[in-house]
2 protein chains.
Amino acid sequence: MASDKQPLRIGLIGFGCVGQGFYDIVQQQPGLGLAVARIAVKNPDKPRPLPADRFTYHADELLADATLDVLVEVIDDAAEAFRLVSAALRQGRRVVTANKAMLARHLPELVQLEQNFGGALLYEAAVCGSIPVIRTLDAYFSHEPLRAVLGIFNGSSNYVLTRMSEEGSDYGPALAEAQAQGFAETDPALDMGAFDPRSKAVILAAHAYGVFLNPDEVLNLGIEAIGAADIAHAAARGQKIKVVASVQRLPNGRVAALVTPQLLGPESPLFTVEHEFNGVLVEGEYAGPQFLRGRGAGGHPTGSAVLADVLALRRGLRYGYAKRPTAPAVQPADELALDVYLRHADVGVLREVLTWLELPAAALRTDVHGVYATGVVPLLRLVQWRDELRAAGVFVARRGEVRLTEVAEAAGSGHYQVDEARLA
Amino acid sequence: MASDKQPLRIGLIGFGCVGQGFYDIVQQQPGLGLAVARIAVKNPDKPRPLPADRFTYHADELLADATLDVLVEVIDDAAEAFRLVSAALRQGRRVVTANKAMLARHLPELVQLEQNFGGALLYEAAVCGSIPVIRTLDAYFSHEPLRAVLGIFNGSSNYVLTRMSEEGSDYGPALAEAQAQGFAETDPALDMGAFDPRSKAVILAAHAYGVFLNPDEVLNLGIEAIGAADIAHAAARGQKIKVVASVQRLPNGRVAALVTPQLLGPESPLFTVEHEFNGVLVEGEYAGPQFLRGRGAGGHPTGSAVLADVLALRRGLRYGYAKRPTAPAVQPADELALDVYLRHADVGVLREVLTWLELPAAALRTDVHGVYATGVVPLLRLVQWRDELRAAGVFVARRGEVRLTEVAEAAGSGHYQVDEARLA
């Protein structure tokens, strides 16, 4: 650890939006006692805002440099990020990462490496930008039994939805605007297809419930097929459509997670989370409902979260993962149901979709904006048909939280007793 | 520190709403590794929910008991709380307190004792019940330059305002209801007169800016004189009245704090903070605006915050007060101005109030609810006349944030440069 006189030497891997935001904040505050000693980037030909001699093009040089006190990894490439972060942890180093896709995929292994080699890994910037949700769940709520953690975890898709809602514009122009504003990742499919918020839900589940979810097993439905008609349908009911990621404890004590568009009324705190902002609701058994809102994207807000992690590492902070020893089971999708809204401009397609999801033809409805369908569908069907739904351009939104099927609820009442006993 | 097998032994001083809430949570979760070993209360004659042999009536016995690992002080009496907490810190002990009035008055001395004797003092439950605002400011925003920290910090008065707004009822019945619901402290004057949120603002200023404010020098105006006419006046403009505590950095780099009722529109995140909930807005230079909302009162929510502190002490957490070395000066009231709304049923009284506050007679206005006045007044006048305003039953609400007078702004531009240079 650096002394008070010796600045903490940081090796920065990646100099995109987040990397530059972090660098900028450190440069503007010399009193922090931090020095970005070395910066590694991939592409030697890309124009950079700093002189070329500030950069190396081989991140491995930073791994080999024992004079660096902390490594900050903020690159896009999840596979390369995993290679670098896991190698650094094998050296017992202190590491900050913002790569949610990498974390969601490799969290169990990384936590194991941290433990085995005595390093430390923090990643507040990976979830909800500037909002300190990971440390709040990990430390403050370390022993608070939680009913649910849910929210808007993706600033890009929320920006698109807000602009569609404000302007009555269609999906394409709103997406182009989000990209022009710098609120979209390199690959917009990760944001718009809800892969990005799914990664974040998986990360939060580790701290909120001690559960390491497999991201592939978490249903994610995006907004690629949304149209002005859907926004208008919601608005006519005083509602908005938001992409909501939820991780919750079911009445049987198990944990369920999913990410889908959702129709929300003004009674939801998420209703007023607009543009690139993120919002998180935490429902504590004793603490009651907590709501946090802040910027979910942007160089400075996310860079500020990276800085907070670097300073926390200097103070010796590590995540506690306190709920790992009492982690509940994950609820399989086959006992879950979801009340949904479905739309496709072609009624023929919509009719076929009803058969995929075990809905009767009577589920079809008509309003001034066209034909749509509503009904309670087995979650397993949505999981099994999600690629087809995406390919067919069907827009799907839920109208409430996921719940146990009636059959499961009746059969599973024993689980609930067991769980409550553990809490009591 | 207790080993994994040996539970942490807690000495609990006070068994009111918060003490019982904390005790209850600990009892319901045996897996926490905590034991409430001894409980001290003041009154031997009061009926208690536990057998009499669980209690001692001499808190000093807990101070003398070296087998206790942590002392939790949750009594109402600020003077006695200070005596106990300071004595415990002189022993180098680990202490949790929820007594905001005591903290606001004695924070510099307590921090010094903590430092001198190697103990630790945490007090998350003292501000905004279940919301982790102190640790968020102290650790997560330890080096984030903040523009402002403001919010609704008092659940009791917010409950009264919400009920008045919902029911159109007057102040008296709404207060009686808040007391019946258990959302009022022993002495409602502390809540309704905005002394309680002032204490909380003083505590937050220490973590947000490194400034130890003198509570007596922070203007606090309450809601004792509010009437249905004021609520109706606000509602007619699409606004609500909330008691808002603000600590902010002015353009001259100095810090100003005050607590008053405020007229707020739906654009404010505080607009939807209702009943006993609290809400905090943190405006970060880099992180952007952050908003936190949660239960600000109640045994379980506040007890949950006490528990989080006890567990944090077990992990070795101490507050960092990182901004102490760079604490800005406090802005004297004589260069500040505030845009206010004033009402008294008696127009004669209101006319006299105008002279107290240097407002012209033309400041008087009339609407369907009667006569009121508006205008920009010197903050110093409000400070000097606050007792008279309270005694006369004048309701005062601000219509925006405090600001430097035009004269001060022109003269103070040098300060601004200095401050920005320090940040840059």
# chains A, B, ... in the order shown; residues from 1 in each chain; ligands from 1
call {"tool": "interface_residues", "arguments": {"of": "chain B", "to": "chain A", "cutoff": "6 Å", "atoms": "only C-alpha atoms", "output": "PDB file with C-alpha atoms, in the first residue's frame"}}
result
ATOM      1  CA  GLN B  28     -34.697 -13.422  14.709  1.00  0.00           C
ATOM      2  CA  GLN B  29     -31.339 -14.153  13.068  1.00  0.00           C
ATOM      3  CA  SER B 130     -32.755   2.871   6.930  1.00  0.00           C
ATOM      4  CA  TYR B 140     -18.200   6.141  -1.617  1.00  0.00           C
ATOM      5  CA  TYR B 286     -18.535  13.890 -11.507  1.00  0.00           C
ATOM      6  CA  ALA B 287     -21.090  11.299 -10.416  1.00  0.00           C
ATOM      7  CA  PRO B 289     -27.228  13.605  -9.170  1.00  0.00           C
ATOM      8  CA  GLN B 290     -27.869  10.685  -6.826  1.00  0.00           C
ATOM      9  CA  PHE B 291     -31.159  10.079  -5.080  1.00  0.00           C
ATOM     10  CA  LEU B 292     -31.786   7.730  -2.165  1.00  0.00           C
ATOM     11  CA  ARG B 293     -35.157   7.035  -0.587  1.00  0.00           C
ATOM     12  CA  GLY B 294     -36.162   4.765   2.267  1.00  0.00           C
ATOM     13  CA  HIS B 300     -37.195  -2.305  12.286  1.00  0.00           C
ATOM     14  CA  PRO B 301     -35.860   0.087   9.606  1.00  0.00           C
ATOM     15  CA  SER B 304     -31.648  -2.570  10.716  1.00  0.00           C
ATOM     16  CA  ALA B 308     -25.463  -2.766   9.827  1.00  0.00           C
ATOM     17  CA  LEU B 423     -10.407  21.293  -7.407  1.00  0.00           C
ATOM     18  CA  ALA B 424      -8.552  21.514 -10.684  1.00  0.00           C
TER      19      ALA B 424
END
call {"tool": "select_by_dssp", "arguments": {"residues": "region 232-394 of chain A", "states": "helix (DSSP H, G or I)", "output": "VMD selection string"}}
result
chain A and resid 232 to 236 269 to 272 299 to 315 324 to 326 333 to 335 347 to 356 361 to 363 379 to 384 386 to 392
call {"tool": "select_by_dssp", "arguments": {"residues": "region 107-293 of chain B", "states": "strand (DSSP E or B)", "output": "PyMOL selection string"}}
result
chain B and resi 120-122+146-152+219-220+240-249+255-264+277-284+288-293
call {"tool": "write_last_selection", "arguments": {"atoms": "C-alpha atoms", "output": "PDB file, in the first residue's frame"}}
result
ATOM      1  CA  ALA B 120     -14.638   3.527  16.790  1.00  0.00           C
ATOM      2  CA  LEU B 121     -17.971   5.323  16.542  1.00  0.00           C
ATOM      3  CA  LEU B 122     -20.595   4.643  13.869  1.00  0.00           C
ATOM      4  CA  LEU B 146     -20.269  17.717  -3.980  1.00  0.00           C
ATOM      5  CA  ARG B 147     -22.451  20.593  -5.066  1.00  0.00           C
ATOM      6  CA  ALA B 148     -25.208  19.845  -2.584  1.00  0.00           C
ATOM      7  CA  VAL B 149     -26.701  17.323  -0.204  1.00  0.00           C
ATOM      8  CA  LEU B 150     -30.351  17.950   0.505  1.00  0.00           C
ATOM      9  CA  GLY B 151     -33.515  16.166   1.327  1.00  0.00           C
ATOM     10  CA  ILE B 152     -36.325  15.194   3.623  1.00  0.00           C
ATOM     11  CA  LEU B 219     -31.490  28.291  10.368  1.00  0.00           C
ATOM     12  CA  ASN B 220     -34.335  25.902  11.111  1.00  0.00           C
ATOM     13  CA  LYS B 240     -46.345  20.339  -2.245  1.00  0.00           C
ATOM     14  CA  ILE B 241     -44.762  21.665   0.923  1.00  0.00           C
ATOM     15  CA  LYS B 242     -41.901  19.559   2.295  1.00  0.00           C
ATOM     16  CA  VAL B 243     -39.411  20.257   5.061  1.00  0.00           C
ATOM     17  CA  VAL B 244     -36.125  20.324   3.168  1.00  0.00           C
ATOM     18  CA  ALA B 245     -32.695  20.309   4.788  1.00  0.00           C
ATOM     19  CA  SER B 246     -29.902  21.532   2.510  1.00  0.00           C
ATOM     20  CA  VAL B 247     -26.152  21.653   2.761  1.00  0.00           C
ATOM     21  CA  GLN B 248     -24.557  23.127  -0.328  1.00  0.00           C
ATOM     22  CA  ARG B 249     -21.401  24.578  -1.774  1.00  0.00           C
ATOM     23  CA  VAL B 255     -20.725  25.907   2.529  1.00  0.00           C
ATOM     24  CA  ALA B 256     -24.213  26.971   3.590  1.00  0.00           C
ATOM     25  CA  ALA B 257     -26.830  24.931   5.432  1.00  0.00           C
ATOM     26  CA  LEU B 258     -30.462  25.492   6.371  1.00  0.00           C
ATOM     27  CA  VAL B 259     -33.670  23.606   7.078  1.00  0.00           C
ATOM     28  CA  THR B 260     -37.050  25.074   6.187  1.00  0.00           C
ATOM     29  CA  PRO B 261     -40.353  24.108   4.631  1.00  0.00           C
ATOM     30  CA  GLN B 262     -40.091  24.419   0.853  1.00  0.00           C
ATOM     31  CA  LEU B 263     -42.579  24.647  -1.997  1.00  0.00           C
ATOM     32  CA  LEU B 264     -41.681  21.868  -4.429  1.00  0.00           C
ATOM     33  CA  PHE B 277     -40.154   8.088   4.197  1.00  0.00           C
ATOM     34  CA  ASN B 278     -36.977  10.127   3.863  1.00  0.00           C
ATOM     35  CA  GLY B 279     -35.212  11.101   0.640  1.00  0.00           C
ATOM     36  CA  VAL B 280     -31.714  12.418   0.022  1.00  0.00           C
ATOM     37  CA  LEU B 281     -30.338  14.093  -3.079  1.00  0.00           C
ATOM     38  CA  VAL B 282     -26.571  14.176  -3.507  1.00  0.00           C
ATOM     39  CA  GLU B 283     -25.263  16.336  -6.346  1.00  0.00           C
ATOM     40  CA  GLY B 284     -21.819  15.112  -7.315  1.00  0.00           C
ATOM     41  CA  GLY B 288     -24.028  13.574 -11.199  1.00  0.00           C
ATOM     42  CA  PRO B 289     -27.228  13.605  -9.170  1.00  0.00           C
ATOM     43  CA  GLN B 290     -27.869  10.685  -6.826  1.00  0.00           C
ATOM     44  CA  PHE B 291     -31.159  10.079  -5.080  1.00  0.00           C
ATOM     45  CA  LEU B 292     -31.786   7.730  -2.165  1.00  0.00           C
ATOM     46  CA  ARG B 293     -35.157   7.035  -0.587  1.00  0.00           C
TER      47      ARG B 293
END
call {"tool": "atom_distance", "arguments": {"atom1": "CA of Ala232 (chain B)", "atom2": "CA of Glu388 (chain B)"}}
result
25.1 Å
call {"tool": "residues_around", "arguments": {"residues": "Pro215 (chain B)", "least_positions_apart": "5", "cutoff": "9 Å", "atoms": "only C-alpha atoms", "output": "list of chain:residue names"}}
result
B:Ala104, B:Arg105, B:Phe195, B:Arg198, B:Ser199, B:Ala201, B:Val202
call {"tool": "write_last_selection", "arguments": {"atoms": "C-alpha atoms", "output": "short mmCIF file (atom, residue, chain, number, x, y, z; two decimals), in the first residue's frame"}}
result
data_model
loop_
_atom_site.label_atom_id
_atom_site.label_comp_id
_atom_site.auth_asym_id
_atom_site.auth_seq_id
_atom_site.Cartn_x
_atom_site.Cartn_y
_atom_site.Cartn_z
CA ALA B 104 -24.72 17.36 15.99
CA ARG B 105 -23.65 19.09 19.18
CA PHE B 195 -34.53 20.80 15.10
CA ARG B 198 -31.12 20.30 11.42
CA SER B 199 -29.09 17.90 13.57
CA ALA B 201 -27.89 18.17 8.21
CA VAL B 202 -25.06 19.06 10.60
#
call {"tool": "residues_around", "arguments": {"residues": "Ser169 (chain A)", "least_positions_apart": "5", "cutoff": "10 Å", "atoms": "only C-alpha atoms", "output": "list in words"}}
result
Val160, Leu161, Arg163, Met164, Ala174, Gly227, Ala228 and Ile231 of chain A
call {"tool": "write_last_selection", "arguments": {"atoms": "N, CA and C atoms", "output": "mmCIF file, in the first residue's frame"}}
result
data_model
loop_
_atom_site.group_PDB
_atom_site.id
_atom_site.type_symbol
_atom_site.label_atom_id
_atom_site.label_comp_id
_atom_site.auth_asym_id
_atom_site.auth_seq_id
_atom_site.Cartn_x
_atom_site.Cartn_y
_atom_site.Cartn_z
ATOM 1 N N VAL A 160 -33.464 5.340 -25.032
ATOM 2 C CA VAL A 160 -34.285 5.116 -26.228
ATOM 3 C C VAL A 160 -35.768 5.152 -25.871
ATOM 4 N N LEU A 161 -36.137 4.467 -24.791
ATOM 5 C CA LEU A 161 -37.549 4.437 -24.385
ATOM 6 C C LEU A 161 -38.045 5.826 -23.988
ATOM 7 N N ARG A 163 -36.897 8.718 -25.064
ATOM 8 C CA ARG A 163 -37.011 9.558 -26.261
ATOM 9 C C ARG A 163 -38.240 9.164 -27.083
ATOM 10 N N MET A 164 -38.506 7.876 -27.187
ATOM 11 C CA MET A 164 -39.708 7.436 -27.909
ATOM 12 C C MET A 164 -40.946 7.990 -27.226
ATOM 13 N N ALA A 174 -34.656 6.891 -32.368
ATOM 14 C CA ALA A 174 -34.321 7.049 -30.948
ATOM 15 C C ALA A 174 -33.001 6.344 -30.639
ATOM 16 N N GLY A 227 -42.362 -0.566 -30.868
ATOM 17 C CA GLY A 227 -42.789 0.445 -31.831
ATOM 18 C C GLY A 227 -43.569 1.548 -31.136
ATOM 19 N N ALA A 228 -43.832 2.605 -31.880
ATOM 20 C CA ALA A 228 -44.589 3.728 -31.319
ATOM 21 C C ALA A 228 -45.946 3.259 -30.792
ATOM 22 N N ILE A 231 -45.638 2.164 -27.135
ATOM 23 C CA ILE A 231 -45.520 3.328 -26.243
ATOM 24 C C ILE A 231 -46.902 3.972 -26.088
#
call {"tool": "residues_around", "arguments": {"residues": "Gly16 (chain B)", "least_positions_apart": "5", "cutoff": "12 Å", "atoms": "only C-alpha atoms", "output": "JSON list (two decimals) with C-alpha atoms, in the first residue's frame"}}
result
[["chain", "number", "residue", "atom", "x", "y", "z"],
["B", 21, "GLY", "CA", -36.30, -3.05, 16.76],
["B", 22, "PHE", "CA", -32.60, -3.84, 16.83],
["B", 23, "TYR", "CA", -33.04, -6.49, 19.56],
["B", 24, "ASP", "CA", -35.85, -8.08, 17.59],
["B", 39, "ILE", "CA", -29.52, -4.22, 28.27],
["B", 40, "ALA", "CA", -29.62, -1.01, 30.29],
["B", 41, "VAL", "CA", -32.76, 1.09, 30.66],
["B", 42, "LYS", "CA", -33.58, 4.10, 32.81],
["B", 43, "ASN", "CA", -37.00, 3.47, 34.27],
["B", 46, "LYS", "CA", -41.98, 0.93, 32.89],
["B", 47, "PRO", "CA", -43.54, -2.31, 31.56],
["B", 48, "ARG", "CA", -41.11, -4.14, 29.23],
["B", 49, "PRO", "CA", -41.64, -6.93, 26.70],
["B", 73, "GLU", "CA", -26.54, 3.60, 22.62],
["B", 74, "VAL", "CA", -30.13, 4.34, 21.56],
["B", 75, "ILE", "CA", -31.56, 6.54, 24.31],
["B", 76, "ASP", "CA", -33.42, 9.84, 23.89],
["B", 77, "ASP", "CA", -31.53, 11.97, 26.41],
["B", 98, "ALA", "CA", -28.47, 6.80, 16.91],
["B", 182, "GLY", "CA", -45.33, 5.97, 16.53],
["B", 185, "GLU", "CA", -40.09, 11.32, 18.97],
["B", 186, "THR", "CA", -40.76, 11.79, 22.69],
["B", 298, "GLY", "CA", -39.74, 2.87, 12.70],
["B", 299, "GLY", "CA", -38.15, 0.24, 14.93],
["B", 300, "HIS", "CA", -37.19, -2.31, 12.29],
["B", 302, "THR", "CA", -33.79, 2.03, 12.14],
["B", 303, "GLY", "CA", -32.85, -1.14, 14.02]]
call {"tool": "closest_residue", "arguments": {"among": "A:Ala208, A:Val111, A:Val394, A:Leu336", "to": "Arg381 (chain A)", "atoms": "only C-alpha atoms"}}
result
A:Leu336
call {"tool": "closest_residue", "arguments": {"among": "B:Pro251, B:Pro108, B:Ala373, B:Gly238", "to": "Gly210 (chain B)", "atoms": "only C-alpha atoms"}}
result
B:Pro108
call {"tool": "residues_around", "arguments": {"residues": "Gly348 (chain B)", "least_positions_apart": "5", "cutoff": "12 Å", "atoms": "only C-alpha atoms", "output": "PyMOL selection string"}}
result
chain B and resi 343+353-355+361+364+371-372+392+394
call {"tool": "residues_around", "arguments": {"residues": "Leu68 (chain B)", "least_positions_apart": "5", "cutoff": "8 Å", "atoms": "only C-alpha atoms", "output": "list in words"}}
result
Leu8, Arg9, Ile10, Gly11, Ala37 and Leu62 of chain B
call {"tool": "closest_residue", "arguments": {"among": "B:Gln6, B:Thr374, B:Gln181, B:Asn214", "to": "Thr67 (chain B)", "atoms": "only C-alpha atoms"}}
result
B:Gln6
call {"tool": "atom_distance", "arguments": {"atom1": "CA of Leu379 (chain A)", "atom2": "CA of Asp334 (chain A)"}}
result
6.7 Å
call {"tool": "decode", "arguments": {"residues": "region 342-384 of chain A", "atoms": "C-alpha atoms", "output": "compact mmCIF listing (two decimals), in the first residue's frame"}}
result
# COMPACT_ATOMS: atom_id res chain seq x y z
CA LEU A 342 -47.50 -9.18 -26.92
CA ARG A 343 -47.58 -7.29 -30.19
CA HIS A 344 -46.66 -7.82 -33.80
CA ALA A 345 -47.86 -5.74 -36.71
CA ASP A 346 -48.84 -8.95 -38.56
CA VAL A 347 -51.83 -10.57 -36.84
CA GLY A 348 -50.96 -13.89 -38.46
CA VAL A 349 -47.58 -13.91 -36.74
CA LEU A 350 -49.21 -12.90 -33.49
CA ARG A 351 -51.66 -15.80 -33.75
CA GLU A 352 -48.79 -18.22 -34.16
CA VAL A 353 -46.97 -16.71 -31.22
CA LEU A 354 -50.01 -17.43 -29.06
CA THR A 355 -49.59 -21.16 -29.76
CA TRP A 356 -45.88 -20.99 -28.83
CA LEU A 357 -46.79 -19.52 -25.47
CA GLU A 358 -49.85 -21.70 -24.74
CA LEU A 359 -52.25 -18.77 -24.97
CA PRO A 360 -55.79 -19.13 -26.41
CA ALA A 361 -56.88 -17.15 -29.48
CA ALA A 362 -59.11 -15.22 -27.06
CA ALA A 363 -55.97 -13.55 -25.74
CA LEU A 364 -56.05 -11.26 -28.78
CA ARG A 365 -57.19 -7.70 -28.16
CA THR A 366 -57.65 -4.65 -30.34
CA ASP A 367 -57.24 -0.99 -29.58
CA VAL A 368 -56.81 2.14 -31.71
CA HIS A 369 -53.12 1.27 -32.18
CA GLY A 370 -53.84 -2.20 -33.60
CA VAL A 371 -53.91 -5.77 -32.43
CA TYR A 372 -52.08 -7.14 -29.42
CA ALA A 373 -52.47 -9.97 -26.94
CA THR A 374 -52.33 -10.33 -23.19
CA GLY A 375 -52.30 -13.29 -20.83
CA VAL A 376 -50.43 -15.32 -18.26
CA VAL A 377 -47.83 -17.55 -19.91
CA PRO A 378 -45.46 -20.21 -18.57
CA LEU A 379 -42.02 -18.64 -18.15
CA LEU A 380 -40.45 -21.78 -19.55
CA ARG A 381 -42.20 -21.11 -22.88
CA LEU A 382 -40.70 -17.63 -23.07
CA VAL A 383 -37.27 -19.10 -22.34
CA GLN A 384 -37.67 -21.83 -24.95
